[in-house]
Amino acid sequence: MKTLMFISNSSNEVYRFTRNDRPYILRLSEKPLEHADRIKAEVDWVHFLAENGVRASLPIQTTDHQWTAVYKEKDTSYIATAFHMASGRFFDKNNPQLWGPDIFGKWGEVMGRMHQLTQSYGSSDQLVNRDAWITLSIENPYLQQGHYQILLEKLRALEQTIIALPKDVHSYGLIHNDFHPYNFHIDGGDITVFDFDDSIYGWFALDIGIAAAHAVWWGSPKEDRKSKNEFAQRFLNEFLKGYFKNNHLDEYWIRKIPMFMDYRNICSFFWWLSRWDGDESHLSEHQKNAMVHAVELIHNDLPFDGCNIVI
C-alpha cells in the first residue's frame, strides 16, 4: 500500500492511507486473538452512536465483509481495523476557531448525547461486552519507591473511593474513556469523535473528568497553577452547559469531577513512565513533563473546588 503513512504508536500502531482519493486510518493492535471480539463490540457501539446522531469516525469492512482482520507472525497476533478519517482539524489553543467557549460547549454536547444514548444501548447477544473499569496495574518497580510511592499511595486511595461509588443507568454505562482533544476533529464548529479503543463501562463523571484534565493540561493559556485552576473552571462551566443540553447528571456527580480529574492526571503519569528504566537522564520530554506534573500533584490539592462549577 504505497500511500501508507505512519502517524503514532502508543497503545496501537496508527497509520493513514488513501484509497480512491479518500483518506482512511489503519489501526494495528498487538493483542491476543480473543481481543478481536472486544474490538467488534467497540465497532458495534460506534455504529449505534452514529445511527443516533453522534458524529463519529466509522469503521470500514474488509473485502470479506469483516470489521477486523487478524494476522499472526510467529507468537504475535495483530488485529487490524480501518476507519474513515474524520474531516476537520485538531484543536489549536492559539486559534479561537479551534479552541474556546464554543468548542468546549460543543464538546460537552457530544459527550452528553453519548451518555444519553448509552443508557438505552444493548450490544448484540453475539458480542463480548467491553471491559468495566478496574484499578490501574503498575508493574514498574522504579515507580513504587521514593516520591513515586507517595503518588502511588494517593492513586490507591482514590481508587478505593471510586470502587465505593454507586452505579446506576443514569450515572454509569459504556463511555469513551479517552475523549481528549487529540481524539476529535473540529470542522466548521462540529466535532467528530474517534479512537474508541479505550471505551469501558464506567462513570459518566469519569468521562467528563478525563476530558477536563486533558483540556487543562494541553489547553490552558498559561502554565502556572492559578491560571490552570481558573481555566479549569471556565472550561467546565462551558462544557457542562453543552452537556446538559443532551443529558442530566445529578449535582452529586458534578462534585466528583475534580476527583476524577486528579485520578486521570495520576494515571497519565504512571502511563507515561510505565517503561522507564529508573534513570532520569533517559526521560523523554513527555516523561519529564509528566514528572513535573507529578510533583505538583504530590504537593497540591485538587485542581479546583467543584462547588465553583456553575450548573
# chains A, B, ... in the order shown; residues from 1 in each chain; ligands from 1
>>> select_by_dssp(residues="stretch 20-167 of chain A", states="alpha helix (DSSP H)", output="mmCIF file with N, CA, C and O atoms, in the first residue's frame")
data_model
loop_
_atom_site.group_PDB
_atom_site.id
_atom_site.type_symbol
_atom_site.label_atom_id
_atom_site.label_comp_id
_atom_site.auth_asym_id
_atom_site.auth_seq_id
_atom_site.Cartn_x
_atom_site.Cartn_y
_atom_site.Cartn_z
ATOM 1 N N HIS A 35 -9.037 -10.724 21.754
ATOM 2 C CA HIS A 35 -9.343 -9.290 21.839
ATOM 3 C C HIS A 35 -10.143 -8.822 20.626
ATOM 4 O O HIS A 35 -10.789 -7.776 20.684
ATOM 5 N N ALA A 36 -10.113 -9.580 19.548
ATOM 6 C CA ALA A 36 -10.871 -9.203 18.342
ATOM 7 C C ALA A 36 -12.355 -9.067 18.655
ATOM 8 O O ALA A 36 -13.042 -8.217 18.088
ATOM 9 N N ASP A 37 -12.871 -9.878 19.580
ATOM 10 C CA ASP A 37 -14.280 -9.779 19.944
ATOM 11 C C ASP A 37 -14.580 -8.459 20.644
ATOM 12 O O ASP A 37 -15.663 -7.890 20.474
ATOM 13 N N ARG A 38 -13.639 -7.961 21.425
ATOM 14 C CA ARG A 38 -13.844 -6.678 22.102
ATOM 15 C C ARG A 38 -13.802 -5.521 21.102
ATOM 16 O O ARG A 38 -14.484 -4.518 21.276
ATOM 17 N N ILE A 39 -12.985 -5.681 20.057
ATOM 18 C CA ILE A 39 -12.967 -4.668 19.003
ATOM 19 C C ILE A 39 -14.295 -4.666 18.251
ATOM 20 O O ILE A 39 -14.829 -3.602 17.907
ATOM 21 N N LYS A 40 -14.855 -5.841 18.023
ATOM 22 C CA LYS A 40 -16.173 -5.909 17.372
ATOM 23 C C LYS A 40 -17.227 -5.217 18.236
ATOM 24 O O LYS A 40 -18.136 -4.550 17.718
ATOM 25 N N ALA A 41 -17.108 -5.351 19.562
ATOM 26 C CA ALA A 41 -18.036 -4.664 20.465
ATOM 27 C C ALA A 41 -17.840 -3.153 20.390
ATOM 28 O O ALA A 41 -18.805 -2.379 20.441
ATOM 29 N N GLU A 42 -16.586 -2.726 20.256
ATOM 30 C CA GLU A 42 -16.295 -1.296 20.069
ATOM 31 C C GLU A 42 -16.962 -0.782 18.802
ATOM 32 O O GLU A 42 -17.630 0.270 18.810
ATOM 33 N N VAL A 43 -16.803 -1.519 17.713
ATOM 34 C CA VAL A 43 -17.373 -1.123 16.419
ATOM 35 C C VAL A 43 -18.898 -1.066 16.497
ATOM 36 O O VAL A 43 -19.539 -0.153 15.960
ATOM 37 N N ASP A 44 -19.495 -2.026 17.191
ATOM 38 C CA ASP A 44 -20.948 -2.058 17.338
ATOM 39 C C ASP A 44 -21.445 -0.789 18.024
ATOM 40 O O ASP A 44 -22.449 -0.194 17.609
ATOM 41 N N TRP A 45 -20.742 -0.364 19.053
ATOM 42 C CA TRP A 45 -21.161 0.831 19.791
ATOM 43 C C TRP A 45 -20.991 2.089 18.945
ATOM 44 O O TRP A 45 -21.852 2.970 18.934
ATOM 45 N N VAL A 46 -19.880 2.167 18.218
ATOM 46 C CA VAL A 46 -19.652 3.328 17.347
ATOM 47 C C VAL A 46 -20.773 3.446 16.321
ATOM 48 O O VAL A 46 -21.298 4.539 16.070
ATOM 49 N N HIS A 47 -21.174 2.320 15.739
ATOM 50 C CA HIS A 47 -22.282 2.335 14.780
ATOM 51 C C HIS A 47 -23.574 2.797 15.434
ATOM 52 O O HIS A 47 -24.324 3.597 14.865
ATOM 53 N N PHE A 48 -23.841 2.324 16.646
ATOM 54 C CA PHE A 48 -25.047 2.723 17.363
ATOM 55 C C PHE A 48 -25.063 4.229 17.595
ATOM 56 O O PHE A 48 -26.085 4.896 17.384
ATOM 57 N N LEU A 49 -23.924 4.783 18.018
ATOM 58 C CA LEU A 49 -23.847 6.226 18.261
ATOM 59 C C LEU A 49 -24.076 7.006 16.969
ATOM 60 O O LEU A 49 -24.831 7.988 16.947
ATOM 61 N N ALA A 50 -23.415 6.575 15.893
ATOM 62 C CA ALA A 50 -23.538 7.285 14.615
ATOM 63 C C ALA A 50 -24.964 7.227 14.077
ATOM 64 O O ALA A 50 -25.466 8.209 13.516
ATOM 65 N N GLU A 51 -25.615 6.093 14.253
ATOM 66 C CA GLU A 51 -27.002 5.958 13.788
ATOM 67 C C GLU A 51 -27.953 6.857 14.558
ATOM 68 O O GLU A 51 -29.068 7.135 14.102
ATOM 69 N N PRO A 101 -14.807 28.871 24.189
ATOM 70 C CA PRO A 101 -16.120 28.509 24.744
ATOM 71 C C PRO A 101 -17.023 27.740 23.787
ATOM 72 O O PRO A 101 -17.705 26.797 24.204
ATOM 73 N N ASP A 102 -17.048 28.126 22.506
ATOM 74 C CA ASP A 102 -17.927 27.430 21.558
ATOM 75 C C ASP A 102 -17.520 25.962 21.397
ATOM 76 O O ASP A 102 -18.372 25.063 21.338
ATOM 77 N N ILE A 103 -16.206 25.716 21.309
ATOM 78 C CA ILE A 103 -15.709 24.346 21.168
ATOM 79 C C ILE A 103 -15.966 23.563 22.446
ATOM 80 O O ILE A 103 -16.394 22.398 22.403
ATOM 81 N N PHE A 104 -15.731 24.198 23.602
ATOM 82 C CA PHE A 104 -15.959 23.498 24.870
ATOM 83 C C PHE A 104 -17.431 23.080 24.993
ATOM 84 O O PHE A 104 -17.738 21.971 25.423
ATOM 85 N N GLY A 105 -18.337 23.994 24.609
ATOM 86 C CA GLY A 105 -19.759 23.690 24.680
ATOM 87 C C GLY A 105 -20.149 22.570 23.734
ATOM 88 O O GLY A 105 -20.928 21.672 24.091
ATOM 89 N N LYS A 106 -19.635 22.616 22.504
ATOM 90 C CA LYS A 106 -19.946 21.571 21.528
ATOM 91 C C LYS A 106 -19.389 20.219 21.989
ATOM 92 O O LYS A 106 -20.049 19.178 21.832
ATOM 93 N N TRP A 107 -18.194 20.228 22.540
ATOM 94 C CA TRP A 107 -17.569 19.019 23.093
ATOM 95 C C TRP A 107 -18.492 18.411 24.160
ATOM 96 O O TRP A 107 -18.743 17.212 24.175
ATOM 97 N N GLY A 108 -19.000 19.273 25.041
ATOM 98 C CA GLY A 108 -19.920 18.819 26.067
ATOM 99 C C GLY A 108 -21.211 18.256 25.481
ATOM 100 O O GLY A 108 -21.742 17.245 25.958
ATOM 101 N N GLU A 109 -21.731 18.916 24.438
ATOM 102 C CA GLU A 109 -22.951 18.420 23.789
ATOM 103 C C GLU A 109 -22.762 17.002 23.259
ATOM 104 O O GLU A 109 -23.636 16.140 23.419
ATOM 105 N N VAL A 110 -21.617 16.774 22.603
ATOM 106 C CA VAL A 110 -21.360 15.456 22.019
ATOM 107 C C VAL A 110 -21.269 14.401 23.123
ATOM 108 O O VAL A 110 -21.879 13.326 23.025
ATOM 109 N N MET A 111 -20.530 14.697 24.182
ATOM 110 C CA MET A 111 -20.419 13.720 25.264
ATOM 111 C C MET A 111 -21.771 13.503 25.935
ATOM 112 O O MET A 111 -22.127 12.362 26.282
ATOM 113 N N GLY A 112 -22.529 14.571 26.143
ATOM 114 C CA GLY A 112 -23.846 14.428 26.740
ATOM 115 C C GLY A 112 -24.745 13.526 25.920
ATOM 116 O O GLY A 112 -25.487 12.694 26.462
ATOM 117 N N ARG A 113 -24.702 13.682 24.598
ATOM 118 C CA ARG A 113 -25.501 12.830 23.718
ATOM 119 C C ARG A 113 -25.044 11.368 23.829
ATOM 120 O O ARG A 113 -25.877 10.447 23.866
ATOM 121 N N MET A 114 -23.734 11.147 23.890
ATOM 122 C CA MET A 114 -23.216 9.792 24.021
ATOM 123 C C MET A 114 -23.684 9.155 25.327
ATOM 124 O O MET A 114 -24.082 7.991 25.359
ATOM 125 N N HIS A 115 -23.647 9.913 26.410
ATOM 126 C CA HIS A 115 -24.074 9.378 27.703
ATOM 127 C C HIS A 115 -25.580 9.140 27.747
ATOM 128 O O HIS A 115 -26.047 8.197 28.396
ATOM 129 N N GLN A 116 -26.332 9.987 27.059
ATOM 130 C CA GLN A 116 -27.772 9.757 26.977
ATOM 131 C C GLN A 116 -28.053 8.463 26.218
ATOM 132 O O GLN A 116 -28.877 7.639 26.631
ATOM 133 N N LEU A 117 -27.347 8.260 25.101
ATOM 134 C CA LEU A 117 -27.584 7.087 24.270
ATOM 135 C C LEU A 117 -27.138 5.794 24.936
ATOM 136 O O LEU A 117 -27.785 4.751 24.772
ATOM 137 N N THR A 118 -26.049 5.852 25.685
ATOM 138 C CA THR A 118 -25.543 4.615 26.291
ATOM 139 C C THR A 118 -26.523 4.043 27.301
ATOM 140 O O THR A 118 -26.493 2.844 27.607
ATOM 141 N N GLY A 146 10.311 5.947 46.780
ATOM 142 C CA GLY A 146 10.581 7.380 46.880
ATOM 143 C C GLY A 146 9.338 8.227 46.695
ATOM 144 O O GLY A 146 8.259 7.897 47.185
ATOM 145 N N HIS A 147 9.485 9.341 45.961
ATOM 146 C CA HIS A 147 8.356 10.223 45.675
ATOM 147 C C HIS A 147 7.242 9.496 44.944
ATOM 148 O O HIS A 147 6.062 9.799 45.137
ATOM 149 N N TYR A 148 7.621 8.556 44.113
ATOM 150 C CA TYR A 148 6.629 7.846 43.304
ATOM 151 C C TYR A 148 5.729 6.989 44.193
ATOM 152 O O TYR A 148 4.554 6.784 43.888
ATOM 153 N N GLN A 149 6.291 6.490 45.298
ATOM 154 C CA GLN A 149 5.478 5.712 46.232
ATOM 155 C C GLN A 149 4.383 6.585 46.852
ATOM 156 O O GLN A 149 3.253 6.134 47.054
ATOM 157 N N ILE A 150 4.699 7.861 47.094
ATOM 158 C CA ILE A 150 3.698 8.782 47.638
ATOM 159 C C ILE A 150 2.548 8.959 46.651
ATOM 160 O O ILE A 150 1.373 8.931 47.024
ATOM 161 N N LEU A 151 2.914 9.118 45.384
ATOM 162 C CA LEU A 151 1.882 9.282 44.357
ATOM 163 C C LEU A 151 1.084 7.994 44.171
ATOM 164 O O LEU A 151 -0.133 8.027 43.958
ATOM 165 N N LEU A 152 1.763 6.858 44.277
ATOM 166 C CA LEU A 152 1.083 5.577 44.161
ATOM 167 C C LEU A 152 0.067 5.395 45.289
ATOM 168 O O LEU A 152 -1.046 4.921 45.066
ATOM 169 N N GLU A 153 0.447 5.811 46.492
ATOM 170 C CA GLU A 153 -0.483 5.722 47.626
ATOM 171 C C GLU A 153 -1.700 6.620 47.408
ATOM 172 O O GLU A 153 -2.832 6.259 47.752
ATOM 173 N N LYS A 154 -1.468 7.788 46.813
ATOM 174 C CA LYS A 154 -2.584 8.689 46.511
ATOM 175 C C LYS A 154 -3.511 8.056 45.480
ATOM 176 O O LYS A 154 -4.741 8.133 45.594
ATOM 177 N N LEU A 155 -2.912 7.407 44.473
ATOM 178 C CA LEU A 155 -3.715 6.718 43.467
ATOM 179 C C LEU A 155 -4.566 5.622 44.098
ATOM 180 O O LEU A 155 -5.769 5.524 43.823
ATOM 181 N N ARG A 156 -3.951 4.808 44.937
ATOM 182 C CA ARG A 156 -4.693 3.706 45.549
ATOM 183 C C ARG A 156 -5.817 4.219 46.446
ATOM 184 O O ARG A 156 -6.901 3.602 46.511
ATOM 185 N N ALA A 157 -5.598 5.324 47.132
ATOM 186 C CA ALA A 157 -6.658 5.900 47.963
ATOM 187 C C ALA A 157 -7.820 6.380 47.099
ATOM 188 O O ALA A 157 -8.997 6.170 47.437
ATOM 189 N N LEU A 158 -7.509 7.011 45.964
ATOM 190 C CA LEU A 158 -8.556 7.450 45.041
ATOM 191 C C LEU A 158 -9.330 6.256 44.491
ATOM 192 O O LEU A 158 -10.560 6.296 44.363
ATOM 193 N N GLU A 159 -8.604 5.201 44.158
ATOM 194 C CA GLU A 159 -9.268 4.020 43.611
ATOM 195 C C GLU A 159 -10.253 3.413 44.614
ATOM 196 O O GLU A 159 -11.324 2.945 44.227
ATOM 197 N N GLN A 160 -9.888 3.414 45.886
ATOM 198 C CA GLN A 160 -10.810 2.882 46.893
ATOM 199 C C GLN A 160 -12.068 3.745 46.997
ATOM 200 O O GLN A 160 -13.170 3.220 47.203
ATOM 201 N N THR A 161 -11.906 5.049 46.816
ATOM 202 C CA THR A 161 -13.079 5.934 46.792
ATOM 203 C C THR A 161 -13.947 5.630 45.581
ATOM 204 O O THR A 161 -15.181 5.564 45.672
ATOM 205 N N ILE A 162 -13.307 5.426 44.432
ATOM 206 C CA ILE A 162 -14.039 5.155 43.194
ATOM 207 C C ILE A 162 -14.775 3.823 43.267
ATOM 208 O O ILE A 162 -15.937 3.709 42.845
ATOM 209 N N ILE A 163 -14.123 2.815 43.797
ATOM 210 C CA ILE A 163 -14.741 1.488 43.909
ATOM 211 C C ILE A 163 -16.066 1.554 44.661
ATOM 212 O O ILE A 163 -17.022 0.832 44.342
#
>>> atom_distance(atom1="atom CA of A:Arg234", atom2="atom CA of A:Ala56")
26.2 Å
>>> residues_around(residues="A:Ser8", least_positions_apart="2", cutoff="12 Å", atoms="only C-alpha atoms", output="ChimeraX atom specification")
/A:5-6,10-16,25-28,182
>>> atom_distance(atom1="atom CA of A:Tyr24", atom2="atom CA of A:Phe83")
5.7 Å
>>> closest_atom_pairs(of="stretch 114-157 of chain A", to="stretch 271-289 of chain A", cutoff="10 Å", atoms="only C-alpha atoms", output="tab-separated table")
residue	atom	partner	partner_atom	distance
A:Leu136	CA	A:Trp271	CA	9.5
A:Ser137	CA	A:Trp271	CA	9.9
A:Ile138	CA	A:Ser274	CA	7.4
A:Glu139	CA	A:Ser274	CA	7.7
A:Asn140	CA	A:Ser274	CA	6.1
A:Pro141	CA	A:Gly278	CA	8.6
A:Tyr142	CA	A:Gly278	CA	5.5
A:Leu143	CA	A:Leu273	CA	8.0
>>> write_last_selection(atoms="all heavy atoms", output="PDB file, in the first residue's frame")
ATOM      1  N   LEU A 136      -5.720   0.456  38.386  1.00  0.00           N
ATOM      2  CA  LEU A 136      -4.569   0.506  37.485  1.00  0.00           C
ATOM      3  C   LEU A 136      -3.487  -0.457  37.949  1.00  0.00           C
ATOM      4  O   LEU A 136      -3.099  -0.459  39.121  1.00  0.00           O
ATOM      5  CB  LEU A 136      -4.013   1.928  37.437  1.00  0.00           C
ATOM      6  CG  LEU A 136      -2.882   2.184  36.440  1.00  0.00           C
ATOM      7  CD1 LEU A 136      -3.396   2.041  35.006  1.00  0.00           C
ATOM      8  CD2 LEU A 136      -2.289   3.578  36.657  1.00  0.00           C
ATOM      9  N   SER A 137      -2.997  -1.266  37.028  1.00  0.00           N
ATOM     10  CA  SER A 137      -1.897  -2.182  37.320  1.00  0.00           C
ATOM     11  C   SER A 137      -0.570  -1.481  37.049  1.00  0.00           C
ATOM     12  O   SER A 137      -0.356  -0.950  35.952  1.00  0.00           O
ATOM     13  CB  SER A 137      -2.015  -3.440  36.455  1.00  0.00           C
ATOM     14  OG  SER A 137      -0.902  -4.291  36.641  1.00  0.00           O
ATOM     15  N   ILE A 138       0.309  -1.450  38.043  1.00  0.00           N
ATOM     16  CA  ILE A 138       1.617  -0.786  37.905  1.00  0.00           C
ATOM     17  C   ILE A 138       2.702  -1.809  38.221  1.00  0.00           C
ATOM     18  O   ILE A 138       2.842  -2.252  39.359  1.00  0.00           O
ATOM     19  CB  ILE A 138       1.734   0.426  38.850  1.00  0.00           C
ATOM     20  CG1 ILE A 138       0.652   1.446  38.489  1.00  0.00           C
ATOM     21  CG2 ILE A 138       3.122   1.054  38.759  1.00  0.00           C
ATOM     22  CD1 ILE A 138       0.524   2.573  39.481  1.00  0.00           C
ATOM     23  N   GLU A 139       3.464  -2.175  37.193  1.00  0.00           N
ATOM     24  CA  GLU A 139       4.465  -3.228  37.340  1.00  0.00           C
ATOM     25  C   GLU A 139       5.889  -2.695  37.434  1.00  0.00           C
ATOM     26  O   GLU A 139       6.786  -3.408  37.872  1.00  0.00           O
ATOM     27  CB  GLU A 139       4.349  -4.200  36.167  1.00  0.00           C
ATOM     28  CG  GLU A 139       2.978  -4.887  36.078  1.00  0.00           C
ATOM     29  CD  GLU A 139       2.864  -5.802  34.886  1.00  0.00           C
ATOM     30  OE1 GLU A 139       3.829  -5.866  34.088  1.00  0.00           O
ATOM     31  OE2 GLU A 139       1.813  -6.457  34.743  1.00  0.00           O
ATOM     32  N   ASN A 140       6.110  -1.455  37.021  1.00  0.00           N
ATOM     33  CA  ASN A 140       7.463  -0.897  37.021  1.00  0.00           C
ATOM     34  C   ASN A 140       7.941  -0.667  38.460  1.00  0.00           C
ATOM     35  O   ASN A 140       7.380   0.161  39.178  1.00  0.00           O
ATOM     36  CB  ASN A 140       7.467   0.427  36.244  1.00  0.00           C
ATOM     37  CG  ASN A 140       8.867   0.965  36.010  1.00  0.00           C
ATOM     38  OD1 ASN A 140       9.783   0.721  36.782  1.00  0.00           O
ATOM     39  ND2 ASN A 140       9.043   1.713  34.927  1.00  0.00           N
ATOM     40  N   PRO A 141       8.992  -1.345  38.910  1.00  0.00           N
ATOM     41  CA  PRO A 141       9.443  -1.202  40.304  1.00  0.00           C
ATOM     42  C   PRO A 141       9.973   0.187  40.622  1.00  0.00           C
ATOM     43  O   PRO A 141       9.945   0.613  41.786  1.00  0.00           O
ATOM     44  CB  PRO A 141      10.533  -2.262  40.433  1.00  0.00           C
ATOM     45  CG  PRO A 141      11.028  -2.480  39.025  1.00  0.00           C
ATOM     46  CD  PRO A 141       9.820  -2.310  38.161  1.00  0.00           C
ATOM     47  N   TYR A 142      10.460   0.921  39.608  1.00  0.00           N
ATOM     48  CA  TYR A 142      11.012   2.257  39.852  1.00  0.00           C
ATOM     49  C   TYR A 142       9.930   3.269  40.219  1.00  0.00           C
ATOM     50  O   TYR A 142      10.235   4.346  40.726  1.00  0.00           O
ATOM     51  CB  TYR A 142      11.774   2.744  38.614  1.00  0.00           C
ATOM     52  CG  TYR A 142      12.922   1.848  38.233  1.00  0.00           C
ATOM     53  CD1 TYR A 142      12.858   1.076  37.065  1.00  0.00           C
ATOM     54  CD2 TYR A 142      14.060   1.741  39.040  1.00  0.00           C
ATOM     55  CE1 TYR A 142      13.901   0.235  36.720  1.00  0.00           C
ATOM     56  CE2 TYR A 142      15.105   0.903  38.689  1.00  0.00           C
ATOM     57  CZ  TYR A 142      15.022   0.152  37.532  1.00  0.00           C
ATOM     58  OH  TYR A 142      16.054  -0.694  37.198  1.00  0.00           O
ATOM     59  N   LEU A 143       8.675   2.915  39.950  1.00  0.00           N
ATOM     60  CA  LEU A 143       7.564   3.801  40.267  1.00  0.00           C
ATOM     61  C   LEU A 143       6.896   3.434  41.594  1.00  0.00           C
ATOM     62  O   LEU A 143       5.827   3.942  41.917  1.00  0.00           O
ATOM     63  CB  LEU A 143       6.522   3.752  39.140  1.00  0.00           C
ATOM     64  CG  LEU A 143       7.019   4.192  37.772  1.00  0.00           C
ATOM     65  CD1 LEU A 143       5.925   4.016  36.726  1.00  0.00           C
ATOM     66  CD2 LEU A 143       7.501   5.631  37.798  1.00  0.00           C
TER      67      LEU A 143
END
>>> select_by_dssp(residues="stretch 50-150 of chain A", states="strand (DSSP E)", output="list in words")
Pro59, Ile60, Ala69, Val70, Tyr71, Lys72, Glu73, Thr76, Ser77, Tyr78, Ile79, Ala80, Thr81, Ala82, Phe83 and His84 of chain A
>>> write_last_selection(atoms="N, CA, C and O atoms", output="short mmCIF file (atom, residue, chain, number, x, y, z; two decimals), in the first residue's frame")
data_model
loop_
_atom_site.label_atom_id
_atom_site.label_comp_id
_atom_site.auth_asym_id
_atom_site.auth_seq_id
_atom_site.Cartn_x
_atom_site.Cartn_y
_atom_site.Cartn_z
N PRO A 59 -15.98 2.73 11.14
CA PRO A 59 -15.06 1.71 10.61
C PRO A 59 -15.49 1.27 9.22
O PRO A 59 -16.62 1.50 8.79
N ILE A 60 -14.58 0.64 8.51
CA ILE A 60 -14.90 0.08 7.20
C ILE A 60 -14.63 -1.42 7.22
O ILE A 60 -13.81 -1.91 8.01
N ALA A 69 -9.34 -7.67 10.75
CA ALA A 69 -8.52 -8.67 10.08
C ALA A 69 -7.40 -9.05 11.04
O ALA A 69 -6.77 -8.17 11.65
N VAL A 70 -7.17 -10.33 11.22
CA VAL A 70 -6.20 -10.81 12.20
C VAL A 70 -5.00 -11.43 11.46
O VAL A 70 -5.17 -12.23 10.54
N TYR A 71 -3.80 -11.00 11.88
CA TYR A 71 -2.58 -11.52 11.28
C TYR A 71 -1.70 -12.09 12.39
O TYR A 71 -1.58 -11.52 13.47
N LYS A 72 -1.09 -13.25 12.10
CA LYS A 72 -0.20 -13.87 13.07
C LYS A 72 1.21 -13.92 12.51
O LYS A 72 1.42 -14.26 11.35
N GLU A 73 2.16 -13.55 13.35
CA GLU A 73 3.57 -13.61 12.97
C GLU A 73 4.32 -14.27 14.11
O GLU A 73 4.54 -13.69 15.16
N THR A 76 3.11 -13.76 17.79
CA THR A 76 2.47 -12.45 17.95
C THR A 76 1.26 -12.33 17.03
O THR A 76 1.32 -12.73 15.87
N SER A 77 0.18 -11.77 17.58
CA SER A 77 -1.03 -11.55 16.79
C SER A 77 -1.27 -10.06 16.62
O SER A 77 -1.08 -9.28 17.57
N TYR A 78 -1.69 -9.65 15.44
CA TYR A 78 -2.03 -8.26 15.15
C TYR A 78 -3.47 -8.21 14.66
O TYR A 78 -3.85 -8.96 13.77
N ILE A 79 -4.24 -7.32 15.25
CA ILE A 79 -5.63 -7.14 14.84
C ILE A 79 -5.73 -5.80 14.11
O ILE A 79 -5.43 -4.75 14.70
N ALA A 80 -6.13 -5.84 12.87
CA ALA A 80 -6.20 -4.62 12.05
C ALA A 80 -7.65 -4.15 11.95
O ALA A 80 -8.56 -4.95 11.73
N THR A 81 -7.84 -2.86 12.12
CA THR A 81 -9.14 -2.22 11.95
C THR A 81 -8.92 -0.93 11.18
O THR A 81 -7.97 -0.19 11.45
N ALA A 82 -9.80 -0.64 10.22
CA ALA A 82 -9.68 0.58 9.42
C ALA A 82 -10.92 1.45 9.62
O ALA A 82 -12.02 0.95 9.81
N PHE A 83 -10.71 2.77 9.58
CA PHE A 83 -11.78 3.73 9.82
C PHE A 83 -11.73 4.84 8.78
O PHE A 83 -10.66 5.19 8.26
N HIS A 84 -12.88 5.41 8.51
CA HIS A 84 -12.92 6.65 7.74
C HIS A 84 -12.20 7.74 8.54
O HIS A 84 -12.38 7.84 9.76
#
>>> residues_around(residues="stretch 169-175 of chain A", least_positions_apart="4", cutoff="9 Å", atoms="only C-alpha atoms", output="list of chain:residue names")
A:Trp45, A:Met111, A:Met114, A:His115, A:Gln116, A:Thr118, A:Gln119, A:Ser120, A:Tyr121, A:Arg130, A:Ala132, A:Phe196, A:Asp198, A:Ser199, A:Ile200, A:Tyr201, A:Gly202, A:Trp203, A:Phe204, A:Ala205, A:Leu206, A:Asp207, A:His248, A:Leu249, A:Asp250, A:Trp253
>>> closest_residue(among="A:Phe260, A:Phe270, A:Pro221, A:Ala232", to="A:Asn177", atoms="only C-alpha atoms")
A:Phe260
>>> residues_around(residues="A:Phe231", least_positions_apart="5", cutoff="9 Å", atoms="only C-alpha atoms", output="list in words")
Ala215, Val216, Gly219, Ser220, Pro221, Lys222, Lys226 and Leu236 of chain A
>>> atom_distance(atom1="atom CA of A:His176", atom2="atom CA of A:Ile257")
15.7 Å
